[in-house]
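Listing of query-v9.cif; format and content: mmCIF, C-alpha atoms.
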```cif
data_work
#
loop_
_atom_site.label_atom_id
_atom_site.label_comp_id
_atom_site.auth_asym_id
_atom_site.auth_seq_id
_atom_site.Cartn_x
_atom_site.Cartn_y
_atom_site.Cartn_z
CA MET A 1 -30.69 -4.48 -13.56
CA PRO A 2 -29.88 -6.55 -10.43
CA PRO A 3 -32.57 -6.61 -7.70
CA ASN A 4 -30.46 -4.80 -5.11
CA ALA A 5 -30.06 -1.87 -7.51
CA TRP A 6 -33.64 -0.89 -6.61
CA THR A 7 -33.03 -0.85 -2.87
CA ARG A 8 -29.41 0.26 -2.48
CA TRP A 9 -28.43 3.86 -1.93
CA PRO A 10 -26.02 5.68 -4.20
CA LEU A 11 -22.46 5.58 -2.91
CA ARG A 12 -21.64 8.07 -0.18
CA GLU A 13 -18.83 9.33 -2.39
CA SER A 14 -21.50 10.03 -5.04
CA LEU A 15 -23.70 12.05 -2.67
CA SER A 16 -20.83 14.02 -1.13
CA ARG A 17 -18.61 16.63 -2.70
CA ALA A 18 -15.56 14.35 -2.63
CA GLY A 19 -13.72 14.44 -5.91
CA VAL A 20 -15.68 17.41 -7.26
CA SER A 21 -13.42 20.10 -8.66
CA GLU A 22 -13.58 23.61 -7.26
CA SER A 23 -14.71 25.04 -10.59
CA ARG A 24 -17.56 22.55 -10.82
CA LEU A 25 -18.65 23.35 -7.26
CA TRP A 26 -18.76 27.06 -7.96
CA LEU A 27 -20.56 26.47 -11.25
CA GLY A 28 -23.28 24.54 -9.44
CA ARG A 29 -23.54 27.19 -6.76
CA GLY A 30 -23.79 29.90 -9.37
CA ILE A 31 -26.58 28.10 -11.21
CA ARG A 32 -28.56 27.62 -8.00
CA ILE A 33 -28.10 31.23 -6.98
CA ALA A 34 -29.20 32.39 -10.43
CA VAL A 35 -32.31 30.17 -10.37
CA VAL A 36 -33.29 31.31 -6.88
CA ALA A 37 -32.70 34.94 -7.78
CA GLY A 38 -34.78 34.59 -10.92
CA LEU A 39 -37.64 32.98 -8.99
CA LEU A 40 -37.56 35.69 -6.35
CA TRP A 41 -37.61 38.39 -8.98
CA SER A 42 -40.44 36.84 -10.97
CA THR A 43 -42.44 36.21 -7.80
CA PHE A 44 -42.02 39.39 -5.80
CA ALA A 45 -41.00 42.05 -8.34
CA GLY A 46 -44.49 42.52 -9.78
CA GLY A 47 -45.98 43.65 -6.49
CA SER A 48 -48.41 40.72 -6.39
CA PHE A 49 -47.74 40.14 -2.71
CA SER A 50 -48.10 42.49 0.16
CA GLY A 51 -48.67 42.23 3.87
CA TRP A 52 -49.44 38.75 5.06
CA GLY A 53 -49.18 37.30 1.55
CA LEU A 54 -45.62 38.51 1.26
CA ALA A 55 -44.76 37.09 4.69
CA ALA A 56 -46.35 33.75 3.79
CA ALA A 57 -44.44 33.55 0.52
CA GLY A 58 -41.18 34.34 2.33
CA ALA A 59 -41.91 31.70 4.98
CA VAL A 60 -42.62 29.07 2.32
CA LEU A 61 -39.40 29.99 0.54
CA LEU A 62 -37.41 29.66 3.79
CA VAL A 63 -39.02 26.29 4.54
CA THR A 64 -38.17 25.14 1.02
CA MET A 65 -34.49 26.02 1.39
CA LEU A 66 -34.23 24.35 4.81
CA ALA A 67 -36.06 21.24 3.56
CA PHE A 68 -33.70 20.91 0.58
CA TRP A 69 -30.67 21.27 2.90
CA GLY A 70 -32.11 18.62 5.24
CA LEU A 71 -32.90 16.29 2.33
CA PHE A 72 -29.31 16.49 1.16
CA ARG A 73 -28.03 15.74 4.69
CA MET A 74 -30.43 12.83 5.29
CA SER A 75 -29.68 11.25 1.92
CA LEU A 76 -25.96 11.52 2.62
CA ALA A 77 -26.56 9.78 5.99
CA ARG A 78 -28.75 7.17 4.20
CA ARG A 79 -31.73 7.78 6.44
CA LEU A 80 -34.69 6.94 4.24
CA TRP A 81 -37.72 7.88 6.35
CA PRO A 82 -36.43 11.32 7.40
CA ALA A 83 -35.52 11.95 3.75
CA LEU A 84 -39.03 10.98 2.64
CA GLY A 85 -40.51 13.22 5.35
CA LEU A 86 -38.51 16.18 4.07
CA TYR A 87 -39.54 15.30 0.53
CA ALA A 88 -43.16 15.52 1.67
CA VAL A 89 -42.40 18.93 3.20
CA LEU A 90 -41.09 20.06 -0.20
CA GLY A 91 -44.30 18.85 -1.81
CA ALA A 92 -46.30 20.81 0.74
CA ALA A 93 -44.15 23.87 0.02
CA ALA A 94 -44.94 23.57 -3.69
CA PHE A 95 -48.63 23.41 -2.80
CA GLY A 96 -48.12 26.46 -0.56
CA PHE A 97 -46.58 28.43 -3.42
CA LEU A 98 -49.57 27.51 -5.53
CA LEU A 99 -52.00 28.66 -2.84
CA VAL A 100 -50.41 32.11 -2.57
CA GLY A 101 -50.47 32.49 -6.35
CA ALA A 102 -46.80 31.76 -7.10
CA ARG A 103 -47.34 29.21 -9.84
CA LEU A 104 -43.86 29.46 -11.39
CA PRO A 105 -41.98 28.67 -8.12
CA ALA A 106 -44.38 25.75 -7.60
CA ILE A 107 -43.55 24.35 -11.05
CA VAL A 108 -39.77 24.81 -10.57
CA LEU A 109 -39.96 23.20 -7.13
CA CYS A 110 -41.81 20.15 -8.51
CA CYS A 111 -39.18 19.74 -11.24
CA ALA A 112 -36.31 20.13 -8.74
CA CYS A 113 -37.91 17.51 -6.45
CA ALA A 114 -38.20 15.04 -9.34
CA VAL A 115 -34.54 15.45 -10.35
CA THR A 116 -33.31 15.36 -6.73
CA ALA A 117 -35.25 12.16 -5.98
CA MET A 118 -33.77 10.40 -9.00
CA GLU A 119 -30.26 11.52 -8.04
CA ARG A 120 -30.14 10.90 -4.28
CA LEU A 121 -32.69 8.25 -3.23
CA PRO A 122 -32.82 4.49 -3.77
CA LEU A 123 -34.70 3.73 -6.97
CA SER A 124 -37.47 1.95 -5.04
CA ALA A 125 -38.23 5.29 -3.35
CA ALA A 126 -37.01 7.60 -6.10
CA VAL A 127 -39.41 6.34 -8.77
CA PRO A 128 -42.63 6.92 -6.71
CA CYS A 129 -41.37 10.28 -5.42
CA CYS A 130 -40.40 11.37 -8.93
CA ALA A 131 -43.77 10.23 -10.27
CA ALA A 132 -45.59 12.19 -7.56
CA ALA A 133 -43.56 15.35 -8.25
CA LEU A 134 -44.09 15.08 -12.02
CA GLY A 135 -47.79 14.41 -11.47
CA ALA A 136 -48.02 17.65 -9.49
CA PHE A 137 -46.06 19.36 -12.26
CA ALA A 138 -48.49 18.11 -14.89
CA ALA A 139 -51.45 19.28 -12.80
CA VAL A 140 -49.99 22.78 -12.32
CA ASN A 141 -48.53 23.28 -15.80
CA ASN A 142 -50.78 25.00 -18.34
CA ASP A 143 -48.91 23.88 -21.45
CA SER A 144 -50.19 21.26 -23.88
CA TRP A 145 -50.12 17.61 -22.89
CA LEU A 146 -47.36 16.87 -25.42
CA THR A 147 -45.11 19.60 -24.02
CA THR A 148 -45.82 18.49 -20.48
CA THR A 149 -45.09 14.85 -21.33
CA VAL A 150 -41.85 15.66 -23.13
CA THR A 151 -40.74 17.91 -20.26
CA ALA A 152 -41.55 15.24 -17.66
CA ALA A 153 -39.64 12.58 -19.64
CA GLY A 154 -36.69 14.96 -19.98
CA LEU A 155 -36.69 15.59 -16.23
CA VAL A 156 -36.66 11.85 -15.49
CA LEU A 157 -33.83 11.33 -17.96
CA ALA A 158 -31.89 14.30 -16.58
CA GLY A 159 -32.24 13.03 -13.01
CA TYR A 160 -31.08 9.53 -13.98
CA VAL A 161 -28.12 10.91 -15.97
CA VAL A 162 -27.10 13.01 -12.97
CA ARG A 163 -27.37 9.87 -10.83
CA LEU A 164 -25.17 7.87 -13.22
CA ASP A 165 -22.61 10.69 -13.36
CA ALA A 166 -22.50 10.85 -9.56
CA GLU A 167 -22.17 7.05 -9.35
CA ALA A 168 -19.25 7.12 -11.79
CA ARG A 169 -17.56 9.82 -9.73
CA GLY A 170 -18.23 7.89 -6.52
CA ASN A 171 -16.78 4.69 -7.99
CA ALA A 172 -13.71 6.62 -9.10
CA GLN A 173 -13.27 8.05 -5.61
CA ARG A 174 -13.68 4.62 -4.04
CA LEU A 175 -11.15 3.07 -6.41
CA LEU A 176 -8.77 5.95 -5.66
CA ALA A 177 -9.15 5.35 -1.93
CA GLN A 178 -8.53 1.62 -2.41
CA GLU A 179 -5.45 2.36 -4.52
CA ARG A 180 -4.11 4.68 -1.83
CA ALA A 181 -4.73 2.02 0.82
CA ALA A 182 -2.99 -0.57 -1.35
CA ARG A 183 -0.01 1.74 -1.86
CA LYS A 184 0.17 2.38 1.87
CA ALA A 185 0.09 -1.36 2.57
CA GLU A 186 2.72 -1.93 -0.12
CA THR A 187 4.93 0.76 1.41
CA GLU A 188 4.56 -0.78 4.87
CA SER A 189 5.31 -4.23 3.45
CA ALA A 190 8.38 -2.89 1.66
CA ALA A 191 9.53 -1.26 4.89
CA LEU A 192 9.10 -4.55 6.77
CA ALA A 193 10.95 -6.41 4.02
CA GLU A 194 13.78 -3.87 4.18
CA ARG A 195 13.96 -4.27 7.96
CA GLY A 196 14.17 -8.03 7.48
CA ARG A 197 16.90 -7.56 4.92
CA ILE A 198 18.90 -5.31 7.26
CA ALA A 199 18.40 -7.83 10.08
CA ARG A 200 19.75 -10.62 7.87
CA GLU A 201 22.73 -8.47 6.92
CA ILE A 202 23.49 -7.72 10.56
CA HIS A 203 23.35 -11.42 11.40
CA ASP A 204 25.33 -12.57 8.38
CA VAL A 205 28.06 -9.98 8.77
CA LEU A 206 28.48 -9.62 12.52
CA ALA A 207 27.33 -12.90 14.08
CA HIS A 208 30.41 -14.94 13.21
CA SER A 209 32.86 -12.12 13.77
CA LEU A 210 31.53 -11.22 17.20
CA SER A 211 31.12 -14.83 18.32
CA ALA A 212 34.71 -15.61 17.29
CA GLN A 213 35.93 -12.55 19.17
CA LEU A 214 34.07 -13.75 22.25
CA VAL A 215 35.80 -17.12 21.99
CA HIS A 216 39.25 -15.51 21.86
CA LEU A 217 38.45 -13.04 24.64
CA GLU A 218 37.08 -15.78 26.87
CA ALA A 219 40.20 -17.89 26.24
CA ALA A 220 42.41 -14.90 27.11
CA ARG A 221 40.42 -14.27 30.30
CA GLN A 222 40.76 -17.89 31.42
CA LEU A 223 44.47 -17.84 30.59
CA ILE A 224 44.97 -14.73 32.72
CA GLN A 225 43.02 -16.23 35.61
CA ARG A 226 44.85 -19.57 35.57
CA SER A 227 48.32 -18.25 34.84
CA SER A 228 50.75 -17.70 37.70
CA ASP A 229 53.36 -16.22 35.39
CA LEU A 230 51.85 -13.89 32.80
CA GLU A 231 55.24 -13.25 31.23
CA ALA A 232 55.55 -16.95 30.33
CA ASP A 233 52.08 -16.92 28.76
CA ARG A 234 52.69 -13.66 26.98
CA GLU A 235 52.94 -15.25 23.53
CA GLN A 236 49.61 -17.05 23.90
CA LEU A 237 47.90 -13.90 25.11
CA LEU A 238 49.36 -11.96 22.21
CA GLU A 239 48.07 -14.57 19.76
CA ARG A 240 44.60 -14.25 21.23
CA VAL A 241 44.66 -10.45 21.01
CA VAL A 242 45.96 -10.51 17.43
CA ALA A 243 43.30 -13.04 16.43
CA CYS A 244 40.61 -10.96 18.11
CA ARG A 245 41.83 -7.85 16.31
CA GLY A 246 41.72 -9.71 13.00
CA MET A 247 38.17 -10.80 13.70
CA ALA A 248 37.19 -7.21 14.53
CA ARG A 249 38.78 -5.96 11.30
CA GLU A 250 36.99 -8.67 9.36
CA GLY A 251 33.68 -7.70 10.96
CA LEU A 252 34.30 -4.02 10.18
CA ASP A 253 35.09 -4.82 6.54
CA GLY A 254 31.97 -6.97 6.34
CA THR A 255 29.88 -4.18 7.84
CA ARG A 256 31.18 -1.73 5.27
CA GLU A 257 30.40 -4.20 2.50
CA ALA A 258 26.89 -4.67 3.88
CA LEU A 259 26.30 -0.92 3.99
CA SER A 260 27.55 -0.62 0.43
CA ALA A 261 25.26 -3.45 -0.60
CA LEU A 262 22.28 -1.79 1.07
CA ARG A 263 23.07 1.36 -0.89
CA GLY A 264 23.44 -0.66 -4.09
CA GLU A 265 27.19 0.06 -4.33
CA MET A 266 28.47 -3.50 -4.73
CA VAL A 267 31.56 -4.66 -6.56
CA PRO A 268 31.05 -7.45 -9.12
CA VAL A 269 30.45 -10.88 -7.63
CA GLU A 270 33.52 -12.42 -9.28
CA ASP A 271 35.84 -9.75 -7.80
CA PHE A 272 34.35 -10.27 -4.37
CA LEU A 273 34.77 -14.05 -4.59
CA ARG A 274 38.36 -13.72 -5.82
CA ARG A 275 39.28 -11.62 -2.80
CA LEU A 276 37.39 -13.92 -0.45
CA THR A 277 38.90 -17.15 -1.79
CA ALA A 278 42.39 -15.62 -1.85
CA ALA A 279 42.06 -14.68 1.83
CA GLU A 280 40.79 -18.18 2.71
CA GLY A 281 43.23 -20.09 0.49
CA ALA A 282 40.42 -21.62 -1.63
CA ARG A 283 40.26 -22.26 -5.37
CA LEU A 284 37.75 -20.30 -7.50
CA ASP A 285 36.29 -21.43 -10.83
CA VAL A 286 33.92 -19.25 -12.89
CA ALA A 287 31.80 -20.84 -15.63
CA GLY A 288 29.52 -19.15 -18.13
CA VAL A 289 29.46 -15.57 -19.35
CA PRO A 290 29.79 -13.13 -16.42
CA ARG A 291 27.05 -10.51 -16.20
CA ALA A 292 25.69 -8.00 -13.72
CA LEU A 293 23.39 -9.69 -11.21
CA PRO A 294 20.36 -8.21 -9.46
CA ALA A 295 21.26 -6.75 -6.08
CA GLU A 296 19.47 -9.41 -4.03
CA ALA A 297 20.84 -12.31 -6.07
CA GLY A 298 24.40 -10.97 -5.90
CA LEU A 299 24.07 -10.41 -2.17
CA ALA A 300 22.83 -13.98 -1.67
CA VAL A 301 25.86 -15.37 -3.53
CA ARG A 302 28.22 -13.26 -1.39
CA ARG A 303 26.65 -14.24 1.92
CA VAL A 304 26.42 -17.95 1.11
CA ALA A 305 30.08 -18.00 0.07
CA GLN A 306 31.08 -16.25 3.30
CA GLU A 307 28.95 -18.55 5.42
CA ALA A 308 30.24 -21.71 3.72
CA LEU A 309 33.91 -20.70 4.04
CA THR A 310 33.39 -19.67 7.66
CA ASN A 311 31.90 -23.08 8.38
CA VAL A 312 34.92 -24.74 6.79
CA ARG A 313 37.20 -22.64 8.99
CA LYS A 314 35.16 -23.66 12.03
CA HIS A 315 34.56 -27.34 11.47
CA ALA A 316 37.32 -28.46 9.09
CA PRO A 317 40.32 -26.18 9.46
CA GLY A 318 43.03 -26.98 6.96
CA ALA A 319 40.72 -28.76 4.49
CA GLN A 320 41.04 -27.87 0.82
CA VAL A 321 38.12 -25.81 -0.54
CA SER A 322 36.86 -25.16 -4.05
CA VAL A 323 34.34 -22.50 -5.00
CA ARG A 324 32.52 -22.65 -8.33
CA LEU A 325 30.39 -19.80 -9.69
CA GLU A 326 28.29 -20.66 -12.73
CA TYR A 327 26.24 -18.23 -14.84
CA ALA A 328 23.29 -20.07 -16.37
CA GLU A 329 20.72 -18.64 -18.77
CA ASP A 330 18.21 -17.49 -16.17
CA GLU A 331 19.92 -18.23 -12.88
CA VAL A 332 23.25 -18.23 -11.08
CA ARG A 333 24.69 -21.20 -9.19
CA LEU A 334 27.30 -21.37 -6.46
CA VAL A 335 28.95 -24.56 -5.19
CA VAL A 336 31.32 -24.52 -2.21
CA ARG A 337 32.98 -27.86 -1.46
CA ASP A 338 35.66 -28.90 1.00
CA PHE A 339 37.53 -32.14 0.32
CA GLY A 340 40.80 -33.89 0.93
CA ARG A 341 42.23 -33.80 4.44
CA ARG A 342 39.52 -33.37 7.04
CA GLY A 343 40.82 -31.20 9.83
CA THR A 344 39.96 -31.49 13.48
CA PRO A 345 37.15 -29.10 14.47
CA GLY A 346 38.76 -25.95 15.83
CA GLU A 347 37.89 -23.92 18.88
CA LEU A 348 35.59 -21.78 16.73
CA ALA A 349 33.30 -24.74 16.08
CA GLY A 350 31.10 -23.84 19.00
CA SER A 351 30.80 -20.17 18.12
CA GLY A 352 27.88 -18.61 16.29
CA SER A 353 24.15 -19.07 16.64
CA GLY A 354 23.91 -22.27 14.61
CA TYR A 355 21.41 -20.69 12.22
CA GLY A 356 23.80 -19.57 9.48
CA LEU A 357 22.87 -22.08 6.79
CA LEU A 358 19.22 -21.91 7.82
CA GLY A 359 19.31 -18.14 7.30
CA MET A 360 21.00 -18.64 3.92
CA ARG A 361 18.31 -21.13 2.92
CA GLU A 362 15.58 -18.67 3.90
CA ARG A 363 17.35 -15.93 1.91
CA ALA A 364 17.48 -18.15 -1.18
CA GLU A 365 13.82 -19.20 -0.86
CA LEU A 366 12.73 -15.57 -0.59
CA LEU A 367 14.33 -15.03 -4.00
CA GLY A 368 12.68 -18.12 -5.48
CA GLY A 369 15.85 -20.20 -5.34
CA THR A 370 17.15 -23.14 -3.32
CA LEU A 371 20.07 -23.93 -1.05
CA GLU A 372 21.21 -27.48 -0.36
CA SER A 373 23.93 -28.48 2.06
CA GLY A 374 25.26 -31.73 3.43
CA PRO A 375 28.11 -34.22 3.37
CA ASP A 376 29.14 -36.09 0.23
CA GLU A 377 31.82 -38.63 -0.57
CA GLU A 378 34.59 -36.01 -0.60
CA GLY A 379 33.61 -33.79 2.29
CA PHE A 380 30.88 -31.20 2.77
CA VAL A 381 29.15 -29.29 -0.03
CA VAL A 382 26.87 -26.26 -0.19
CA ARG A 383 24.89 -25.64 -3.40
CA LEU A 384 23.03 -22.38 -4.07
CA ARG A 385 20.73 -21.62 -6.97
CA VAL A 386 18.94 -18.28 -7.37
CA PRO A 387 17.12 -16.75 -10.36
CA ALA A 388 19.13 -13.97 -12.00
#
```
Render the structure in this file as structure tokens.
Amino acid sequence: MPPNAWTRWPLRESLSRAGVSESRLWLGRGIRIAVVAGLLWSTFAGGSFSGWGLAAAGAVLLVTMLAFWGLFRMSLARRLWPALGLYAVLGAAAFGFLLVGARLPAIVLCCACAVTAMERLPLSAAVPCCAAALGAFAAVNNDSWLTTTVTAAGLVLAGYVVRLDAEARGNAQRLLAQERAARKAETESAALAERGRIAREIHDVLAHSLSAQLVHLEAARQLIQRSSDLEADREQLLERVVACRGMAREGLDGTREALSALRGEMVPVEDFLRRLTAAEGARLDVAGVPRALPAEAGLAVRRVAQEALTNVRKHAPGAQVSVRLEYAEDEVRLVVRDFGRRGTPGELAGSGSGYGLLGMRERAELLGGTLESGPDEEGFVVRLRVPA
């Protein structure tokens, strides 16, 4: 037994009623009521007490009940010296019962004190208190020494078993509380992760669309301000408005796709990439055996493809683009490469926050994958790898 086991209190969950079923509580109450009723009957029914003797016996009984209630409260609050003081009051009450001729209540009270001390006090205090109560029991009891010894040993064992049972219940309650706290923390962490995911979706879907719309709207505003003949510049203004409308439609479609992805209603990755590459005039190659991807992995492939093709449209308009999707055994790979004729950076090159690829890299790393991007001998390449 470790040294601190002698000085530490039982768990508060062990000393309280936490985790105790209603039926067990009422069973304990019923047993206590029955014992008290039996003692009262055996003590007062025979007419042994009258007058002041009856009043004294009633006063001792009331003091005993209050002292037991206080002992339970002080042990729950882990206040050793007040608990020991109340334990001494219980010993004095047992002596009082003996003085007024109520030997049976004195014996029962000594036994109850021994069991209570073993259950609710630190062992360093419980053992001496239990020994004192059992010593008083042996002095009052008229049975043979063997019967008295066996009874005392049984009381010690019963008290320690009750203590172990309460400790097991207290440990179970503590583990349950820790599990609830862990679940609460996990729920909060999942909520924060979901908020981060929604924030990434908002950025990935809307950032480029809105920034491109701002570019076209700003160009239209400057054209209106500088133009002296709006009718002559009508075609340019119309082009800006049509381009802005296309960007808005693209952003709306992307938002719908993001909402579907958040609900788990995503089309297969290959179908999405076919539509995307057809709209951008890129070539798509699929290698490996197609299979359903986890939601996060599929979403990462979609967003990286969109980001890479948007960057090509911004920084190398007119360049040829190839997109390769490869299903490996335990991962999926995406390679987006532009090559051939390098276009002049368009007016959309300055739009956006500049954190698109950085956000894609963070998305991939959160899934345990990698994203590499940079120039090569043929142009610019983006490589994604995520477990799937």
* Nearest candidate to Ala133 (chain A) (options A:Ala305, A:Leu146, A:Leu284, A:Ala114; using all atoms listed in the file) -> A:Ala114
Would you tabulate, counting only C-alpha atoms, all residues of region 93-170 of chain A that have an atom at most 12 Å from an atom of region 9-32 of chain A, showing the closest pair of atoms and their distance in Å to one decimal, sorted by chain then ascending number, as a Markdown table?
```
| residue | atom | partner | partner_atom | distance |
| --- | --- | --- | --- | --- |
| A:Val108 | CA | A:Arg32 | CA | 11.8 |
| A:Ala112 | CA | A:Arg32 | CA | 10.8 |
| A:Thr116 | CA | A:Leu15 | CA | 10.9 |
| A:Ala117 | CA | A:Pro10 | CA | 11.4 |
| A:Met118 | CA | A:Pro10 | CA | 10.3 |
| A:Glu119 | CA | A:Pro10 | CA | 8.2 |
| A:Arg120 | CA | A:Pro10 | CA | 6.7 |
| A:Leu121 | CA | A:Trp9 | CA | 6.3 |
| A:Pro122 | CA | A:Trp9 | CA | 4.8 |
| A:Leu123 | CA | A:Trp9 | CA | 8.0 |
| A:Ser124 | CA | A:Trp9 | CA | 9.7 |
| A:Ala125 | CA | A:Trp9 | CA | 10.0 |
| A:Ala126 | CA | A:Trp9 | CA | 10.2 |
| A:Tyr160 | CA | A:Pro10 | CA | 11.7 |
| A:Val162 | CA | A:Ser14 | CA | 10.2 |
| A:Arg163 | CA | A:Pro10 | CA | 8.0 |
| A:Leu164 | CA | A:Ser14 | CA | 9.2 |
| A:Asp165 | CA | A:Ser14 | CA | 8.4 |
| A:Ala166 | CA | A:Ser14 | CA | 4.7 |
| A:Glu167 | CA | A:Ser14 | CA | 5.3 |
| A:Ala168 | CA | A:Ser14 | CA | 7.7 |
| A:Arg169 | CA | A:Ser14 | CA | 6.1 |
| A:Gly170 | CA | A:Ser14 | CA | 4.2 |
```
* Asked: What does the distance between CA of Gly288 (chain A) and CA of Glu326 (chain A) come to in Å, to one decimal place?
  ->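 Going from CA of Gly288 (chain A) over to CA of Glu326 (chain A) covers 5.7 Å.
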* To do: Between CA of Leu366 (chain A) and CA of Ala185 (chain A), measure the distance and give it in Å to one decimal.
  => 19.3 Å
* Give me, please, the distance in Å between CA of Leu384 (chain A) and CA of Gly246 (chain A), quoted to one decimal. => 28.3 Å
